[in-house]
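Participant: Right, I'll just put the structure down here and ask away after.
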Amino acid sequence: MIFTDYYKGEKLTAAKCRYDVTTSTGHYDFFESLFINKRGFNVTGLSFNCVSRPDRWKGKKTDLAITKGSHNITSIKRPNLELNYAYGDIKGTNDACIIVYNPDFKESGISDIEIFIARGLRNDTIGLWDLFTDGELTHEIEELRFKAVTKSVTQNEIEPPLK
């Protein structure tokens, strides 16, 4: 298999950029340690942010990035702005990823983000993108979604849930 790990984040609070991990394979140690919530909504759960990419970041200009706190995880590269998927590489690792948004993101905004990780393919993101867009990884994606475990999300009074 090319894809090794899977994380799905959903917009569960009124926070503009926050996505709480509701489903994952739970075996990608980098995300498991970096995404952990230490305070606020969903303490001990996992979350990440999808934000507008700051101009000060070096490299290719992209519009969005996945971050956690002050850590840039990946810039989101979208070769075709009409599609609800993109690719990136995980900063500080040799890993690549494919990112899938909800299909209606243009009308309703991004409500969920799926991240499929391909360990060791950082230098082959274009090849990974080609395989993905040609539909050659559809079976792997479905298999990871099936293997993934739903995470419980706990609410508290610091950040109200999205209504």
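So you can find residues: chains in the structure tokens are A, B, ... in the order shown, residues in each start at 1, and ligands are numbered from 1 in order.
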Got a sec to tell me which of segment 36-134 of chain A DSSP assigns to strand (DSSP E or B), as a VMD selection string?

Facilitator: chain A and resid 36 46 to 52 64 to 68 71 to 77 85 to 89 96 to 101 112 to 118

Participant: Would you list the contacts of Tyr19 of chain A as an NGL selection string, taking every protein, DNA or RNA residue within 10 Å and counting only C-alpha atoms, but skipping same-chain residues closer than 4 positions in sequence?

Facilitator: :A and (8-13 or 15 or 46-50 or 66 or 110-113)

Participant: For those residues, write C-alpha atoms to a file as a PDB file, in the first residue's frame.

Facilitator:
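Wrote it out as selection34.pdb, contents follow:
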ATOM      1  CA  LYS A   8     -10.272  13.097   9.232  1.00  0.00           C
ATOM      2  CA  GLY A   9     -10.891  16.485  10.810  1.00  0.00           C
ATOM      3  CA  GLU A  10     -14.332  18.038  11.111  1.00  0.00           C
ATOM      4  CA  LYS A  11     -15.414  21.555  11.993  1.00  0.00           C
ATOM      5  CA  LEU A  12     -17.158  21.033  15.338  1.00  0.00           C
ATOM      6  CA  THR A  13     -16.793  24.464  16.949  1.00  0.00           C
ATOM      7  CA  ALA A  15     -13.601  28.511  15.679  1.00  0.00           C
ATOM      8  CA  LEU A  46      -6.625  15.766  18.427  1.00  0.00           C
ATOM      9  CA  SER A  47      -7.132  18.837  16.260  1.00  0.00           C
ATOM     10  CA  PHE A  48      -5.413  20.891  13.594  1.00  0.00           C
ATOM     11  CA  ASN A  49      -5.996  24.181  11.784  1.00  0.00           C
ATOM     12  CA  CYS A  50      -6.521  24.921   8.121  1.00  0.00           C
ATOM     13  CA  ILE A  66      -2.469  22.869   7.711  1.00  0.00           C
ATOM     14  CA  ILE A 110     -14.602  23.518   4.199  1.00  0.00           C
ATOM     15  CA  SER A 111     -16.429  21.485   6.846  1.00  0.00           C
ATOM     16  CA  ASP A 112     -14.251  18.382   6.812  1.00  0.00           C
ATOM     17  CA  ILE A 113     -10.711  17.557   5.749  1.00  0.00           C
TER      18      ILE A 113
END

Participant: Which is closest to Ala118 of chain A among A:Gly88, A:Pro79, A:Gly135, A:Gly40, if we use only C-alpha atoms?

Facilitator: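 Between A:Gly88, A:Pro79, A:Gly135, A:Gly40, the residue approaching Ala118 of chain A most closely is A:Gly88.
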
Participant: Determine, counting only C-alpha atoms, which protein, DNA and RNA residues have an atom within 9 Å of an atom of segment 136-148 of chain A; residues of the same chain fewer than 2 positions away are not included. Present the result as a ChimeraX atom specification.

Facilitator: /A:1-7,23-26,116,128,130-134,150

Participant: I need the chosen residues saved as a compact mmCIF listing (two decimals), in the first residue's frame, with N, CA, C and O atoms.

Facilitator:
# COMPACT_ATOMS: atom_id res chain seq x y z
N MET A 1 0.83 -1.19 0.00
CA MET A 1 0.00 0.00 0.00
C MET A 1 0.87 1.25 0.00
O MET A 1 1.89 1.29 0.67
N ILE A 2 0.42 2.23 -0.72
CA ILE A 2 1.13 3.51 -0.76
C ILE A 2 0.72 4.38 0.42
O ILE A 2 1.56 4.95 1.10
N PHE A 3 -0.60 4.48 0.66
CA PHE A 3 -1.07 5.23 1.82
C PHE A 3 -0.95 4.38 3.07
O PHE A 3 -1.31 3.21 3.08
N THR A 4 -0.45 4.99 4.13
CA THR A 4 -0.22 4.25 5.37
C THR A 4 -1.10 4.73 6.52
O THR A 4 -1.33 3.97 7.46
N ASP A 5 -1.53 5.99 6.47
CA ASP A 5 -2.24 6.58 7.60
C ASP A 5 -3.35 7.50 7.10
O ASP A 5 -3.27 8.05 6.00
N TYR A 6 -4.33 7.71 7.97
CA TYR A 6 -5.51 8.50 7.61
C TYR A 6 -6.01 9.27 8.82
O TYR A 6 -6.10 8.73 9.92
N TYR A 7 -6.32 10.56 8.61
CA TYR A 7 -6.90 11.42 9.65
C TYR A 7 -8.01 12.25 9.01
O TYR A 7 -7.81 12.85 7.96
N THR A 23 -11.97 10.83 13.17
CA THR A 23 -11.69 9.48 12.69
C THR A 23 -10.23 9.41 12.27
O THR A 23 -9.73 10.33 11.65
N SER A 24 -9.57 8.31 12.62
CA SER A 24 -8.18 8.14 12.18
C SER A 24 -7.74 6.70 12.33
O SER A 24 -8.37 5.92 13.04
N THR A 25 -6.64 6.38 11.67
CA THR A 25 -6.02 5.09 11.86
C THR A 25 -5.17 5.12 13.13
O THR A 25 -4.87 4.07 13.69
N GLY A 26 -4.76 6.31 13.57
CA GLY A 26 -4.10 6.49 14.86
C GLY A 26 -2.68 5.96 14.97
O GLY A 26 -2.20 5.76 16.07
N PHE A 116 -4.59 11.81 3.84
CA PHE A 116 -4.06 10.48 3.57
C PHE A 116 -2.55 10.61 3.46
O PHE A 116 -2.04 11.36 2.63
N LEU A 128 2.53 10.80 -6.76
CA LEU A 128 1.41 10.44 -5.88
C LEU A 128 0.13 11.13 -6.36
O LEU A 128 -0.92 10.50 -6.44
N ASP A 130 -0.56 12.16 -9.38
CA ASP A 130 -1.00 11.54 -10.63
C ASP A 130 -1.73 10.23 -10.38
O ASP A 130 -2.78 9.98 -10.97
N LEU A 131 -1.18 9.38 -9.51
CA LEU A 131 -1.86 8.12 -9.18
C LEU A 131 -3.23 8.37 -8.57
O LEU A 131 -4.22 7.71 -8.91
N PHE A 132 -3.29 9.35 -7.66
CA PHE A 132 -4.56 9.68 -7.00
C PHE A 132 -5.59 10.19 -8.00
O PHE A 132 -6.73 9.71 -8.02
N THR A 133 -5.21 11.16 -8.83
CA THR A 133 -6.18 11.74 -9.77
C THR A 133 -6.59 10.76 -10.86
O THR A 133 -7.67 10.90 -11.43
N ASP A 134 -5.74 9.78 -11.15
CA ASP A 134 -6.10 8.75 -12.14
C ASP A 134 -6.99 7.67 -11.53
O ASP A 134 -7.40 6.75 -12.23
N THR A 150 -13.38 5.75 14.92
CA THR A 150 -14.03 7.01 15.29
C THR A 150 -13.58 7.42 16.68
O THR A 150 -13.57 6.61 17.60

Participant: Which residues are near Asn37 of chain A? Cut-off 12 Å, only C-alpha atoms, ignore same chain within fewer than 5 positions. Put them as a compact mmCIF listing (two decimals) with N, CA and C atoms, in the first residue's frame.

Facilitator:
# COMPACT_ATOMS: atom_id res chain seq x y z
N ARG A 18 -10.38 25.74 13.00
CA ARG A 18 -10.10 24.52 13.75
C ARG A 18 -10.89 23.33 13.22
N TYR A 19 -10.18 22.18 13.14
CA TYR A 19 -10.79 20.92 12.73
C TYR A 19 -10.39 19.86 13.76
N ASP A 20 -11.39 19.26 14.40
CA ASP A 20 -11.13 18.22 15.38
C ASP A 20 -11.11 16.87 14.68
N VAL A 21 -10.12 16.05 15.03
CA VAL A 21 -9.98 14.73 14.42
C VAL A 21 -11.07 13.83 15.00
N PHE A 31 1.64 13.03 13.98
CA PHE A 31 0.34 13.68 14.20
C PHE A 31 -0.19 13.40 15.60
N GLU A 32 -0.01 12.18 16.07
CA GLU A 32 -0.53 11.80 17.39
C GLU A 32 0.06 12.69 18.49
N ASN A 42 -12.19 19.69 23.70
CA ASN A 42 -11.70 18.36 23.35
C ASN A 42 -10.30 18.08 23.90
N VAL A 43 -10.09 18.35 25.18
CA VAL A 43 -8.80 18.11 25.83
C VAL A 43 -8.44 16.63 25.69
N THR A 44 -7.22 16.34 25.36
CA THR A 44 -6.62 15.04 25.07
C THR A 44 -7.05 14.48 23.72
N GLY A 45 -7.96 15.13 23.04
CA GLY A 45 -8.30 14.75 21.68
C GLY A 45 -7.28 15.37 20.73
N LEU A 46 -7.53 15.23 19.43
CA LEU A 46 -6.62 15.77 18.43
C LEU A 46 -7.33 16.82 17.59
N SER A 47 -6.59 17.84 17.18
CA SER A 47 -7.13 18.84 16.26
C SER A 47 -6.00 19.48 15.48
N PHE A 48 -6.36 20.12 14.40
CA PHE A 48 -5.41 20.89 13.59
C PHE A 48 -6.15 22.09 13.02
N ASN A 49 -5.41 22.99 12.39
CA ASN A 49 -6.00 24.18 11.78
C ASN A 49 -5.74 24.17 10.28
N LYS A 68 -0.63 23.54 13.36
CA LYS A 68 -1.05 23.31 14.74
C LYS A 68 -0.19 24.24 15.58
N GLY A 69 -0.81 25.18 16.26
CA GLY A 69 -0.06 26.17 17.01
C GLY A 69 0.85 26.94 16.06
N VAL A 153 -15.26 12.96 20.95
CA VAL A 153 -14.92 14.37 21.12
C VAL A 153 -15.65 14.88 22.33
N THR A 154 -14.91 15.46 23.28
CA THR A 154 -15.52 15.96 24.51
C THR A 154 -15.66 17.47 24.45

Participant: Work out how far apart atom CA of Asn123 of chain A and atom CA of Ala96 of chain A are and give it in Å to one decimal.

Facilitator: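 Separating atom CA of Asn123 of chain A from atom CA of Ala96 of chain A is a distance of 7.9 Å.
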
Participant: In Å, rounded to a single decimal, give me how far atom CA of Asp104 of chain A is from atom CA of Arg119 of chain A.

Facilitator: 28.8 Å

Participant: Using DSSP on the backbone, list every residue of chain A that comes out as helix (DSSP H, G or I), and give them as a VMD selection string.

Facilitator: chain A and resid 29 to 34 105 to 108 122 to 133 138 to 147

Participant: Work out how far apart atom CA of Lys151 of chain A and atom CA of Phe41 of chain A are and give it in Å to one decimal.

Facilitator: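 Answer for the atom CA of Lys151 of chain A to atom CA of Phe41 of chain A separation: 14.1 Å.
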